[in-house]
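> Take a look at coords04.cif, mmCIF, C-alpha atoms and all ligand atoms:
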data_run
#
loop_
_atom_site.label_atom_id
_atom_site.label_comp_id
_atom_site.auth_asym_id
_atom_site.auth_seq_id
_atom_site.Cartn_x
_atom_site.Cartn_y
_atom_site.Cartn_z
CA VAL A 1 26.16 -4.74 13.34
CA VAL A 2 22.46 -4.79 12.57
CA PRO A 3 20.28 -3.27 15.33
CA SER A 4 17.09 -5.28 15.70
CA GLY A 5 13.85 -4.69 17.60
CA GLY A 6 10.58 -6.55 17.10
CA ARG A 7 11.51 -7.36 13.48
CA THR A 8 8.14 -6.14 12.20
CA GLY A 9 9.72 -3.67 9.77
CA LEU A 10 8.65 -4.22 6.17
CA ALA A 11 11.68 -2.78 4.34
CA GLY A 12 14.32 -5.36 5.35
CA GLY A 13 16.01 -2.82 7.67
CA ALA A 14 16.80 -5.40 10.37
CA VAL A 15 17.89 -8.14 7.95
CA ALA A 16 21.53 -9.29 8.16
CA LYS A 17 21.95 -10.40 4.58
CA ASP A 18 25.77 -10.28 4.56
CA HIS A 19 26.38 -12.27 7.77
CA GLU A 20 26.54 -9.16 9.99
CA VAL A 21 26.06 -9.52 13.76
CA VAL A 22 22.43 -8.94 14.74
CA LEU A 23 22.22 -6.81 17.89
CA SER A 24 18.82 -7.57 19.41
CA LEU A 25 17.50 -5.01 21.90
CA VAL A 26 14.46 -7.04 22.99
CA ARG A 27 15.80 -7.92 26.44
CA MET A 28 16.31 -4.22 27.23
CA ARG A 29 12.63 -3.70 27.94
CA ARG A 30 12.56 -1.97 31.32
CA MET A 31 9.93 0.75 31.75
CA HIS A 32 10.46 3.26 34.54
CA ALA A 33 7.89 5.02 36.71
CA ILE A 34 5.73 7.60 34.96
CA ASP A 35 6.36 11.28 35.62
CA VAL A 36 2.72 12.35 35.88
CA LEU A 37 3.50 16.05 36.22
CA GLY A 38 5.82 16.20 33.21
CA ARG A 39 3.75 13.49 31.42
CA THR A 40 6.81 11.50 30.42
CA VAL A 41 8.14 8.00 30.86
CA VAL A 42 11.65 6.62 30.35
CA VAL A 43 11.75 3.19 28.68
CA GLU A 44 14.49 0.99 27.27
CA ALA A 45 14.61 0.48 23.52
CA GLY A 46 13.35 -3.11 23.58
CA ALA A 47 10.07 -2.23 25.34
CA VAL A 48 7.20 -3.46 23.17
CA THR A 49 4.94 -0.65 21.92
CA GLN A 50 1.78 -2.21 23.34
CA ALA A 51 3.47 -2.87 26.69
CA VAL A 52 4.26 0.87 26.84
CA HIS A 53 0.59 1.62 26.11
CA GLU A 54 -0.47 -0.66 28.96
CA HIS A 55 2.17 0.74 31.34
CA VAL A 56 1.17 4.38 30.82
CA ALA A 57 -2.57 3.56 30.86
CA GLU A 58 -2.13 2.86 34.60
CA ALA A 59 -1.57 6.62 35.00
CA GLY A 60 -4.50 7.43 32.68
CA LEU A 61 -2.12 8.47 29.88
CA VAL A 62 -1.34 7.37 26.31
CA TRP A 63 1.69 7.22 24.01
CA PRO A 64 -0.20 7.76 20.76
CA VAL A 65 2.09 5.78 18.41
CA ASP A 66 -0.36 3.12 17.35
CA PHE A 67 -0.60 0.53 14.56
CA ALA A 68 -1.41 -3.10 13.85
CA SER A 69 2.05 -4.48 14.74
CA LYS A 70 2.20 -2.78 18.16
CA GLY A 71 2.05 -6.16 19.93
CA SER A 72 5.53 -7.02 18.58
CA SER A 73 7.25 -3.77 17.54
CA THR A 74 9.61 -2.07 19.99
CA VAL A 75 10.11 1.55 20.96
CA GLY A 76 13.66 1.42 19.51
CA GLY A 77 12.26 0.21 16.18
CA ASN A 78 9.48 2.82 16.29
CA ILE A 79 12.10 5.53 16.79
CA ALA A 80 14.50 4.16 14.17
CA THR A 81 11.68 4.12 11.60
CA ASN A 82 9.91 7.27 12.87
CA ALA A 83 6.81 5.07 12.83
CA GLY A 84 3.48 6.51 11.77
CA GLY A 85 0.26 4.56 12.03
CA VAL A 86 -3.43 5.05 12.43
CA ARG A 87 -3.31 8.21 14.57
CA VAL A 88 -0.86 10.36 12.59
CA ILE A 89 -3.70 12.55 11.34
CA ARG A 90 -4.39 13.57 14.96
CA TYR A 91 -1.08 13.17 16.79
CA GLY A 92 1.72 13.09 14.20
CA HIS A 93 4.60 10.63 13.97
CA THR A 94 6.84 9.03 16.62
CA ARG A 95 9.12 12.09 16.24
CA GLN A 96 6.48 14.24 17.99
CA TRP A 97 6.36 11.87 20.97
CA VAL A 98 10.05 11.45 21.83
CA LEU A 99 11.65 14.01 24.12
CA GLY A 100 15.00 12.41 24.87
CA LEU A 101 17.23 9.65 23.56
CA VAL A 102 20.20 7.66 24.76
CA VAL A 103 22.17 6.46 21.75
CA VAL A 104 25.31 4.33 21.53
CA LEU A 105 27.53 5.32 18.62
CA ALA A 106 29.61 2.94 16.50
CA THR A 107 32.66 4.18 18.44
CA GLY A 108 31.09 3.03 21.72
CA GLU A 109 30.47 6.58 22.93
CA VAL A 110 27.15 7.16 24.65
CA LEU A 111 25.13 10.23 23.66
CA ARG A 112 22.43 11.55 25.99
CA LEU A 113 20.21 13.82 23.93
CA ASN A 114 17.70 16.31 25.33
CA GLY A 115 16.54 14.36 28.43
CA ALA A 116 13.01 15.36 29.35
CA LEU A 117 13.24 18.90 28.00
CA GLU A 118 10.23 20.26 26.12
CA LYS A 119 12.28 23.29 25.11
CA ASN A 120 15.97 23.33 24.27
CA ASN A 121 17.04 25.78 21.58
CA THR A 122 20.79 25.29 21.88
CA GLY A 123 21.84 24.59 18.33
CA ILE A 124 21.25 21.63 16.02
CA ASP A 125 18.94 19.02 17.54
CA LEU A 126 20.94 15.80 16.97
CA ARG A 127 18.13 13.74 18.49
CA GLN A 128 16.09 14.33 15.32
CA ALA A 129 18.88 12.91 13.13
CA PHE A 130 18.57 9.55 14.90
CA ILE A 131 14.78 9.43 14.67
CA GLY A 132 13.99 7.73 11.34
CA SER A 133 17.64 6.88 10.62
CA GLU A 134 16.95 3.10 10.49
CA GLY A 135 19.90 2.18 12.71
CA VAL A 136 22.60 3.50 10.38
CA LEU A 137 23.81 6.30 12.71
CA GLY A 138 23.63 4.76 16.19
CA VAL A 139 21.87 2.25 18.45
CA VAL A 140 18.99 3.68 20.49
CA THR A 141 19.08 2.13 23.96
CA GLU A 142 16.65 4.32 25.90
CA ALA A 143 14.05 7.00 25.26
CA THR A 144 12.08 9.56 27.23
CA LEU A 145 8.60 9.47 25.73
CA ARG A 146 6.09 12.31 25.79
CA LEU A 147 2.62 11.23 26.92
CA THR A 148 -0.85 12.72 26.68
CA ARG A 149 -4.39 12.18 27.92
CA PRO A 150 -6.54 9.71 25.98
CA ALA A 151 -9.49 10.98 23.96
CA PRO A 152 -12.41 10.72 26.40
CA LYS A 153 -15.01 9.28 24.06
CA PRO A 154 -13.95 8.04 20.64
CA THR A 155 -16.78 7.36 18.19
CA VAL A 156 -16.02 4.83 15.46
CA LEU A 157 -17.96 4.77 12.18
CA LEU A 158 -17.60 2.73 9.02
CA PHE A 159 -18.90 3.94 5.65
CA SER A 160 -19.07 2.51 2.18
CA VAL A 161 -18.54 4.99 -0.66
CA ASP A 162 -18.30 4.99 -4.43
CA GLY A 163 -14.70 4.94 -5.56
CA LEU A 164 -11.70 6.90 -4.37
CA ALA A 165 -13.43 10.13 -5.38
CA GLY A 166 -16.09 9.26 -2.78
CA VAL A 167 -13.39 8.63 -0.15
CA LEU A 168 -11.86 12.05 -0.75
CA GLN A 169 -15.25 13.79 -0.81
CA LEU A 170 -16.01 12.28 2.57
CA PHE A 171 -12.60 13.43 3.84
CA ARG A 172 -13.29 16.99 2.70
CA ASN A 173 -16.73 16.84 4.29
CA VAL A 174 -15.60 15.61 7.74
CA ARG A 175 -12.71 18.09 7.83
CA ASP A 176 -15.17 20.94 7.37
CA LYS A 177 -17.15 19.83 10.45
CA ASP A 178 -16.39 20.79 14.02
CA PHE A 179 -15.25 17.28 14.92
CA THR A 180 -11.79 16.27 16.09
CA LEU A 181 -10.69 13.64 13.62
CA GLY A 182 -8.80 10.83 15.39
CA ALA A 183 -8.39 8.56 12.35
CA PHE A 184 -9.48 8.45 8.70
CA GLU A 185 -8.56 5.10 7.15
CA PHE A 186 -9.69 3.49 3.93
CA PHE A 187 -9.65 0.08 2.24
CA THR A 188 -11.10 -1.48 -0.86
CA ASP A 189 -13.58 -4.35 -1.21
CA ARG A 190 -10.70 -6.64 -2.19
CA CYS A 191 -8.97 -6.04 1.14
CA LEU A 192 -12.23 -6.60 3.00
CA ALA A 193 -12.91 -9.84 1.12
CA ARG A 194 -9.56 -11.23 2.29
CA VAL A 195 -10.11 -10.10 5.91
CA MET A 196 -13.56 -11.74 5.85
CA ARG A 197 -12.04 -14.96 4.53
CA HIS A 198 -9.14 -15.03 6.99
CA ARG A 199 -10.84 -13.69 10.14
CA ARG A 200 -14.24 -15.28 9.36
CA VAL A 201 -16.10 -12.01 9.86
CA ALA A 202 -19.04 -10.57 7.95
CA ASP A 203 -19.28 -7.35 5.94
CA PRO A 204 -21.22 -5.00 8.26
CA LEU A 205 -22.38 -2.88 5.30
CA ARG A 206 -24.05 -3.35 1.93
CA GLY A 207 -21.22 -4.20 -0.46
CA ALA A 208 -19.33 -1.35 -2.11
CA SER A 209 -15.99 -0.77 -3.76
CA HIS A 210 -14.44 1.45 -1.08
CA TYR A 211 -14.74 1.65 2.70
CA VAL A 212 -13.78 4.40 5.14
CA LEU A 213 -13.24 4.01 8.86
CA VAL A 214 -13.62 7.29 10.74
CA GLU A 215 -12.80 7.83 14.40
CA LEU A 216 -14.00 11.06 16.03
CA GLU A 217 -12.69 12.18 19.38
CA SER A 218 -14.90 13.55 22.14
CA ALA A 219 -17.84 14.07 19.81
CA ALA A 220 -21.30 14.56 21.33
CA GLU A 221 -23.82 12.01 20.08
CA GLU A 222 -26.36 14.43 18.62
CA PRO A 223 -24.14 16.18 16.03
CA VAL A 224 -22.58 12.86 15.04
CA VAL A 225 -26.00 11.27 14.44
CA ALA A 226 -27.09 14.38 12.48
CA TRP A 227 -23.93 14.17 10.34
CA PHE A 228 -24.41 10.43 9.81
CA GLU A 229 -27.98 10.98 8.57
CA GLU A 230 -26.91 13.89 6.38
CA LEU A 231 -24.31 11.67 4.68
CA LEU A 232 -26.78 8.87 4.00
CA GLU A 233 -29.56 11.18 2.82
CA GLY A 234 -27.23 13.28 0.69
CA GLY A 235 -25.81 10.17 -1.00
CA LEU A 236 -22.21 10.98 -0.10
CA VAL A 237 -21.99 7.46 1.35
CA THR A 238 -23.84 4.38 0.16
CA ASP A 239 -24.12 2.81 3.61
CA GLY A 240 -22.78 3.31 7.12
CA THR A 241 -22.70 2.02 10.66
CA MET A 242 -21.77 3.62 13.96
CA ALA A 243 -20.34 1.52 16.81
CA GLN A 244 -22.57 1.63 19.90
CA THR A 245 -20.22 -0.23 22.24
CA SER A 246 -16.47 -0.56 22.63
CA ASP A 247 -16.71 -4.18 21.37
CA GLN A 248 -18.41 -2.96 18.20
CA ALA A 249 -15.74 -0.27 17.79
CA ARG A 250 -13.03 -2.92 18.12
CA ALA A 251 -14.80 -5.12 15.57
CA LEU A 252 -14.82 -2.24 13.04
CA TRP A 253 -11.13 -1.55 13.70
CA THR A 254 -10.39 -5.26 13.11
CA LEU A 255 -11.59 -4.91 9.53
CA ARG A 256 -8.89 -2.30 8.96
CA GLU A 257 -6.11 -3.58 11.19
CA GLY A 258 -6.52 -7.18 10.05
CA ILE A 259 -5.73 -6.36 6.42
CA SER A 260 -1.92 -6.78 6.36
CA GLU A 261 -2.09 -10.11 8.15
CA SER A 262 -5.04 -11.34 6.03
CA LEU A 263 -3.32 -10.53 2.72
CA SER A 264 -0.30 -12.61 3.76
CA ALA A 265 -2.45 -15.42 5.17
CA THR A 266 -4.58 -15.75 2.02
CA GLY A 267 -1.94 -15.10 -0.65
CA LEU A 268 1.45 -13.62 -1.48
CA PRO A 269 1.45 -9.82 -1.58
CA HIS A 270 4.08 -7.56 -3.08
CA LYS A 271 3.90 -4.52 -0.78
CA ASN A 272 4.44 -0.84 -1.36
CA ASP A 273 3.86 2.05 1.01
CA ILE A 274 3.71 5.39 -0.75
CA ALA A 275 2.66 8.93 0.16
CA LEU A 276 1.24 11.74 -1.94
CA PRO A 277 0.35 15.30 -1.18
CA ILE A 278 -3.36 15.00 -0.35
CA ALA A 279 -4.33 17.26 -3.26
CA GLU A 280 -2.59 14.84 -5.66
CA LEU A 281 -4.33 11.67 -4.45
CA GLU A 282 -7.20 11.73 -6.90
CA PRO A 283 -5.25 12.34 -10.13
CA PHE A 284 -2.54 9.96 -8.94
CA CYS A 285 -5.00 7.13 -8.26
CA ALA A 286 -6.74 7.65 -11.61
CA GLU A 287 -3.40 7.35 -13.42
CA LEU A 288 -2.39 4.38 -11.29
CA GLU A 289 -5.58 2.58 -12.25
CA THR A 290 -4.81 3.14 -15.93
CA VAL A 291 -1.28 1.75 -15.48
CA PHE A 292 -2.58 -1.33 -13.69
CA THR A 293 -5.48 -2.06 -16.04
CA GLU A 294 -3.38 -1.55 -19.17
CA ARG A 295 -0.16 -3.27 -18.07
CA TYR A 296 -1.11 -5.72 -15.33
CA PRO A 297 -4.78 -6.66 -15.91
CA HIS A 298 -4.27 -10.13 -14.39
CA PHE A 299 -2.98 -8.81 -11.02
CA GLU A 300 -5.28 -8.25 -8.05
CA ILE A 301 -4.46 -4.90 -6.44
CA CYS A 302 -5.39 -4.40 -2.77
CA LEU A 303 -5.31 -0.74 -1.78
CA PHE A 304 -5.66 0.51 1.77
CA GLY A 305 -4.06 2.98 4.10
CA HIS A 306 -3.96 6.11 6.17
CA ILE A 307 -5.62 8.13 3.44
CA GLY A 308 -6.06 11.19 5.67
CA ASP A 309 -2.24 11.48 5.66
CA GLY A 310 -1.97 10.88 1.89
CA ASN A 311 -0.55 7.41 2.66
CA LEU A 312 -1.50 4.46 0.44
CA HIS A 313 -0.46 0.84 0.91
CA VAL A 314 -0.39 -0.66 -2.59
CA ASN A 315 -0.42 -4.46 -2.42
CA VAL A 316 -0.17 -6.53 -5.58
CA MET A 317 -1.24 -10.14 -5.04
CA LYS A 318 0.51 -13.02 -6.81
CA PRO A 319 -1.94 -14.75 -9.17
CA ASP A 320 -2.31 -18.45 -8.23
CA ALA A 321 -1.32 -19.54 -11.72
CA LEU A 322 1.94 -17.59 -11.72
CA ASP A 323 5.08 -19.02 -10.21
CA LYS A 324 6.72 -16.99 -7.39
CA ASP A 325 9.94 -16.15 -9.26
CA ALA A 326 8.04 -15.05 -12.36
CA PHE A 327 5.82 -12.87 -10.17
CA PHE A 328 8.70 -11.13 -8.40
CA ALA A 329 10.49 -10.64 -11.73
CA THR A 330 7.45 -8.64 -12.90
CA THR A 331 7.06 -6.60 -9.72
CA HIS A 332 10.34 -4.75 -10.26
CA ASP A 333 8.97 -3.37 -13.51
CA LEU A 334 5.67 -2.64 -11.82
CA ASP A 335 7.46 -0.72 -9.04
CA ARG A 336 9.23 1.41 -11.64
CA HIS A 337 5.90 2.41 -13.18
CA LEU A 338 4.45 3.07 -9.74
CA PHE A 339 7.41 5.15 -8.54
CA GLU A 340 7.59 7.15 -11.76
CA LEU A 341 4.02 8.18 -11.08
CA VAL A 342 4.87 8.91 -7.43
CA ARG A 343 7.75 11.14 -8.54
CA ALA A 344 5.59 12.91 -11.12
CA HIS A 345 3.14 13.81 -8.34
CA ASP A 346 5.84 14.89 -5.82
CA GLY A 347 5.20 11.91 -3.57
CA SER A 348 7.34 9.60 -1.45
CA VAL A 349 8.36 6.00 -2.26
CA SER A 350 8.16 5.15 1.43
CA ALA A 351 5.56 6.82 3.63
CA GLU A 352 6.34 5.02 6.86
CA HIS A 353 8.14 1.70 6.42
CA GLY A 354 11.54 3.21 5.62
CA ILE A 355 14.05 2.44 2.89
CA GLY A 356 16.00 -0.47 4.44
CA LEU A 357 17.22 -2.85 1.76
CA LEU A 358 14.06 -3.16 -0.26
CA LYS A 359 13.52 0.43 -1.33
CA LYS A 360 17.19 1.42 -1.66
CA GLY A 361 17.09 1.42 -5.44
CA TRP A 362 14.21 3.88 -5.43
CA LEU A 363 15.50 6.46 -2.92
CA GLU A 364 16.45 8.89 -5.67
CA TYR A 365 12.81 9.00 -6.81
CA THR A 366 12.03 11.01 -3.66
CA ARG A 367 15.34 12.50 -2.48
CA SER A 368 17.66 14.65 -4.57
CA ALA A 369 21.27 13.65 -5.33
CA THR A 370 22.46 16.43 -3.02
CA GLU A 371 20.29 15.20 -0.16
CA ILE A 372 21.58 11.65 -0.58
CA GLU A 373 25.19 12.86 -0.61
CA LEU A 374 24.56 14.83 2.61
CA MET A 375 23.02 11.73 4.22
CA ARG A 376 26.14 9.75 3.28
CA ALA A 377 28.35 12.50 4.74
CA LEU A 378 26.36 12.41 7.99
CA LYS A 379 26.77 8.63 8.15
CA LYS A 380 30.55 9.03 7.85
CA VAL A 381 30.59 11.52 10.75
CA PHE A 382 28.70 9.22 13.12
CA ASP A 383 30.05 5.90 11.87
CA PRO A 384 33.39 6.45 10.06
CA ASN A 385 34.06 2.72 9.57
CA GLY A 386 30.55 2.00 8.27
CA ILE A 387 29.87 -0.83 10.73
CA LEU A 388 26.28 0.09 11.71
CA ASN A 389 23.55 -1.43 9.57
CA PRO A 390 25.75 -1.39 6.45
CA GLY A 391 24.00 -1.21 3.09
CA LYS A 392 20.71 0.06 4.53
CA ILE A 393 19.08 3.22 3.05
CA PHE A 394 22.14 3.78 0.76
CA ASP A 395 25.54 2.29 -0.04
CA LEU A 396 28.58 4.24 1.01
C1 LIG B 401 0.94 -5.72 10.24
C2 LIG B 401 1.91 -4.57 10.23
C3 LIG B 401 1.41 -3.28 10.26
C4 LIG B 401 2.29 -2.19 10.27
N1 LIG B 401 1.75 -0.94 10.31
C5 LIG B 401 2.59 0.12 10.36
C6 LIG B 401 2.04 1.44 10.42
O1 LIG B 401 0.83 1.66 10.38
N2 LIG B 401 2.92 2.45 10.50
C7 LIG B 401 4.29 2.27 10.52
O2 LIG B 401 5.05 3.23 10.61
N3 LIG B 401 4.81 1.03 10.44
C8 LIG B 401 4.01 -0.05 10.36
N4 LIG B 401 4.55 -1.30 10.27
C9 LIG B 401 6.01 -1.47 10.21
C10 LIG B 401 6.74 -1.71 11.54
O3 LIG B 401 5.88 -2.32 12.49
C11 LIG B 401 7.33 -0.41 12.10
O4 LIG B 401 8.30 0.09 11.22
C12 LIG B 401 7.95 -0.57 13.52
O5 LIG B 401 8.24 0.73 14.01
C13 LIG B 401 9.24 -1.39 13.52
O6 LIG B 401 9.59 -1.67 14.87
P1 LIG B 401 10.44 -2.98 15.22
O7 LIG B 401 10.80 -2.93 16.67
O8 LIG B 401 9.75 -4.19 14.77
O9 LIG B 401 11.77 -2.72 14.36
P2 LIG B 401 12.61 -3.74 13.47
O10 LIG B 401 11.77 -4.29 12.38
O11 LIG B 401 13.30 -4.72 14.34
O12 LIG B 401 13.67 -2.74 12.85
C14 LIG B 401 13.28 -1.72 11.97
C15 LIG B 401 14.48 -0.81 11.68
O13 LIG B 401 14.87 -0.14 12.89
C16 LIG B 401 16.23 -0.45 13.23
N5 LIG B 401 16.26 -0.57 14.70
C17 LIG B 401 15.49 -1.36 15.48
N6 LIG B 401 15.76 -1.15 16.78
C18 LIG B 401 16.73 -0.20 16.82
C19 LIG B 401 17.43 0.45 17.87
N7 LIG B 401 17.20 0.17 19.15
N8 LIG B 401 18.37 1.38 17.55
C20 LIG B 401 18.62 1.69 16.26
N9 LIG B 401 17.99 1.10 15.22
C21 LIG B 401 17.04 0.18 15.49
C22 LIG B 401 16.55 -1.74 12.48
O14 LIG B 401 17.93 -1.86 12.22
C23 LIG B 401 15.72 -1.56 11.22
O15 LIG B 401 16.41 -0.74 10.31
C24 LIG B 401 3.70 -2.41 10.24
C25 LIG B 401 4.19 -3.72 10.19
C26 LIG B 401 3.32 -4.79 10.18
C27 LIG B 401 3.88 -6.18 10.14
#
Spell out the structure here as structure tokens.

Amino acid sequence: VVPSGGRTGLAGGAVAKDHEVVLSLVRMRRMHAIDVLGRTVVVEAGAVTQAVHEHVAEAGLVWPVDFASKGSSTVGGNIATNAGGVRVIRYGHTRQWVLGLVVVLATGEVLRLNGALEKNNTGIDLRQAFIGSEGVLGVVTEATLRLTRPAPKPTVLLFSVDGLAGVLQLFRNVRDKDFTLGAFEFFTDRCLARVMRHRRVADPLRGASHYVLVELESAAEEPVVAWFEELLEGGLVTDGTMAQTSDQARALWTLREGISESLSATGLPHKNDIALPIAELEPFCAELETVFTERYPHFEICLFGHIGDGNLHVNVMKPDALDKDAFFATTHDLDRHLFELVRAHDGSVSAEHGIGLLKKGWLEYTRSATEIELMRALKKVFDPNGILNPGKIFDL
């Protein structure tokens, strides 16, 4: 049985490759009334992420799990993948925003975990085992979500900088200011070129190799303008723009959020989603560049991601002249080089998309043999016959 939500997952977690039964949750999409005092809402697993955002906005609240696929992804899928996104730097992952779960086990038993309790120190918190377990331990049918107030006045800025070193310098700089950082996202000129081609939009800045989108929460205009001028005058950025209206802010966000879709619309990407400790980003990227220029000089690499969380999306585009099979034959080798570097820098082979089927072979690059054995043992406790999402994350 393969649990399935919005099917936006990028690791093949909801794929039934061995003729399993697909259990779609999308018709279980009821959203209950909001508890404004407790700031919670109970929703069924098939509720679409964006529909939850719209539902809770009626009470002036937000569920801050937010990313480009929110129009199709479901709360059940968000929980099963412990989804991250563009606001992790400020609000954390889905895990931080789920109070209670209702889960159906492979045996048919129904577990009600934690309800709407903020505090519950009564032993091992089983709820957390299901969050991020990619449907291999149980089927999430309902969740009690924790809500918060929206940031009153987000300010969105886009900067161009020189190289990844410039991106990280800007990160260090903004973190030392008294601003509340709502998002710190980056992309390269190659990503932007594809968004411009696909979405027919213009580059709002003077061309550069790297771009950074910064969102500040509740920042007064005067210190932001002073900071903006300081960056331009000090040469830390080569150009910049600050959205003056919500339409302009949305247009800047489109440049970042349109990347995934634009890469697929304008070519064939081989995707990876890795994470590094922030302090390792610079040496890692320098070594990665050497690997790519020495071994794969004919591949176009499109880098973007939630750089403030140490999360890089590494997309390798298929050259037009190369046939698809030949390309994917090469990418396995390329992944090995990439993941060896990730391991050497104590990173993760999957920052937010999960392991599913596609990253199964690389799990041991991030998790120890003992950890993987314990995960298998846990699977056997919850699902002794191995009928739930078989073959995902690991083989039994
Ligand atoms: C353009 C784009 C941008 C994206 N950006 C991000 C991002 O910034 N951050 C991020 O984290 N992800 C991102 N993703 C990946 C994806 O959207 C998330 O992983 C999302 O949480 C998956 O939700 P879904 O409902 O589509 O799940 P599905 O794809 O249907 O399933 C994903 C996994 O969850 C399991 N599952 C689904 N529903 C249940 C359930 N009810 N009970 C138990 N298991 C279940 C499935 O078996 C599968 O293993 C992006 C994807 C796209 C296409």
> Just the residues within 9 Å of Gly38 in chain A, please, counting only C-alpha atoms, with nothing from its chain fewer than 2 positions along; format it as a PDB file with C-alpha atoms, in the frame of the given file.

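Dumped to selection_29.pdb:
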ATOM      1  CA  ILE A  34       5.730   7.600  34.960  1.00  0.00           C
ATOM      2  CA  ASP A  35       6.360  11.280  35.620  1.00  0.00           C
ATOM      3  CA  VAL A  36       2.720  12.350  35.880  1.00  0.00           C
ATOM      4  CA  THR A  40       6.810  11.500  30.420  1.00  0.00           C
ATOM      5  CA  VAL A  41       8.140   8.000  30.860  1.00  0.00           C
ATOM      6  CA  ALA A 116      13.010  15.360  29.350  1.00  0.00           C
ATOM      7  CA  ARG A 146       6.090  12.310  25.790  1.00  0.00           C
ATOM      8  CA  LEU A 147       2.620  11.230  26.920  1.00  0.00           C
TER       9      LEU A 147
END
> Would you mind telling me which residue in A:Val225, A:Gly123, A:Leu61, A:Glu282 lies nearest to Gly166 in chain A when using all atoms listed in the file?
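So, comparing all the options, the nearest one is A:Glu282.
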> Please identify all polymer residues within 9 Å of range 228-234 of chain A, counting only C-alpha atoms, omitting same-chain residues fewer than 6 positions from it, and present them as a list in words.
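What passes the distance filter is Leu157, Leu170, Gly240, Thr241 and Met242 of chain A.
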> Nearest to ligand LIG 401 (chain B): which of A:Phe327, A:Tyr296, A:Phe304, A:Phe171 is it, counting all atoms listed in the file?
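Among the listed residues, the smallest separation from ligand LIG 401 (chain B) belongs to A:Phe304.
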> Pick out the closest residue to Val86 in chain A from this set: A:Ala220, A:Ile124, A:Ala68, A:Met375. Count all atoms listed in the file.
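Comparing A:Ala220, A:Ile124, A:Ala68, A:Met375 against Val86 in chain A, the winner is A:Ala68.
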> Env of Leu358 in chain A: 8 Å cut, atoms = all atoms listed in the file, seq-sep filter 3 positions within chain, self excluded. Answer as a list in words.
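Listed by chain and then number, they are Ala11, Gly12, Ile355 and Gly361 of chain A.
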> Could you turn the residues from that selection into a file that holds C-alpha atoms, as a CSV table (one decimal), keeping the file's coordinate frame?

chain,number,residue,atom,x,y,z
A,11,ALA,CA,11.7,-2.8,4.3
A,12,GLY,CA,14.3,-5.4,5.4
A,355,ILE,CA,14.0,2.4,2.9
A,361,GLY,CA,17.1,1.4,-5.4
> Take every atom of range 33-38 of chain A listed in the file, pad by 6 Å on each side, and give me the axis-aligned box centre and edge lengths in Å, one decimal, as AutoDock Vina command-line options.

--center_x 5.3 --center_y 10.6 --center_z 35.0 --size_x 17.2 --size_y 23.2 --size_z 15.5
> Let me see if you get this right: every residue at most 6 Å from ligand LIG 401 (chain B), counting all atoms listed in the file, written as a PDB file with C-alpha atoms, in the frame of the given file.

ATOM      1  CA  VAL A   2      22.460  -4.790  12.570  1.00  0.00           C
ATOM      2  CA  PRO A   3      20.280  -3.270  15.330  1.00  0.00           C
ATOM      3  CA  SER A   4      17.090  -5.280  15.700  1.00  0.00           C
ATOM      4  CA  GLY A   5      13.850  -4.690  17.600  1.00  0.00           C
ATOM      5  CA  GLY A   6      10.580  -6.550  17.100  1.00  0.00           C
ATOM      6  CA  ARG A   7      11.510  -7.360  13.480  1.00  0.00           C
ATOM      7  CA  THR A   8       8.140  -6.140  12.200  1.00  0.00           C
ATOM      8  CA  GLY A   9       9.720  -3.670   9.770  1.00  0.00           C
ATOM      9  CA  LEU A  10       8.650  -4.220   6.170  1.00  0.00           C
ATOM     10  CA  GLY A  13      16.010  -2.820   7.670  1.00  0.00           C
ATOM     11  CA  ALA A  14      16.800  -5.400  10.370  1.00  0.00           C
ATOM     12  CA  LEU A  25      17.500  -5.010  21.900  1.00  0.00           C
ATOM     13  CA  ALA A  45      14.610   0.480  23.520  1.00  0.00           C
ATOM     14  CA  PHE A  67      -0.600   0.530  14.560  1.00  0.00           C
ATOM     15  CA  ALA A  68      -1.410  -3.100  13.850  1.00  0.00           C
ATOM     16  CA  SER A  69       2.050  -4.480  14.740  1.00  0.00           C
ATOM     17  CA  SER A  73       7.250  -3.770  17.540  1.00  0.00           C
ATOM     18  CA  THR A  74       9.610  -2.070  19.990  1.00  0.00           C
ATOM     19  CA  GLY A  76      13.660   1.420  19.510  1.00  0.00           C
ATOM     20  CA  GLY A  77      12.260   0.210  16.180  1.00  0.00           C
ATOM     21  CA  ASN A  78       9.480   2.820  16.290  1.00  0.00           C
ATOM     22  CA  ALA A  80      14.500   4.160  14.170  1.00  0.00           C
ATOM     23  CA  THR A  81      11.680   4.120  11.600  1.00  0.00           C
ATOM     24  CA  ALA A  83       6.810   5.070  12.830  1.00  0.00           C
ATOM     25  CA  GLY A  84       3.480   6.510  11.770  1.00  0.00           C
ATOM     26  CA  GLY A  85       0.260   4.560  12.030  1.00  0.00           C
ATOM     27  CA  VAL A  86      -3.430   5.050  12.430  1.00  0.00           C
ATOM     28  CA  GLU A 134      16.950   3.100  10.490  1.00  0.00           C
ATOM     29  CA  GLY A 135      19.900   2.180  12.710  1.00  0.00           C
ATOM     30  CA  GLY A 138      23.630   4.760  16.190  1.00  0.00           C
ATOM     31  CA  VAL A 139      21.870   2.250  18.450  1.00  0.00           C
ATOM     32  CA  VAL A 140      18.990   3.680  20.490  1.00  0.00           C
ATOM     33  CA  THR A 141      19.080   2.130  23.960  1.00  0.00           C
ATOM     34  CA  SER A 260      -1.920  -6.780   6.360  1.00  0.00           C
ATOM     35  CA  GLU A 261      -2.090 -10.110   8.150  1.00  0.00           C
ATOM     36  CA  GLU A 352       6.340   5.020   6.860  1.00  0.00           C
ATOM     37  CA  HIS A 353       8.140   1.700   6.420  1.00  0.00           C
ATOM     38  CA  GLY A 356      16.000  -0.470   4.440  1.00  0.00           C
TER      39      GLY A 356
END
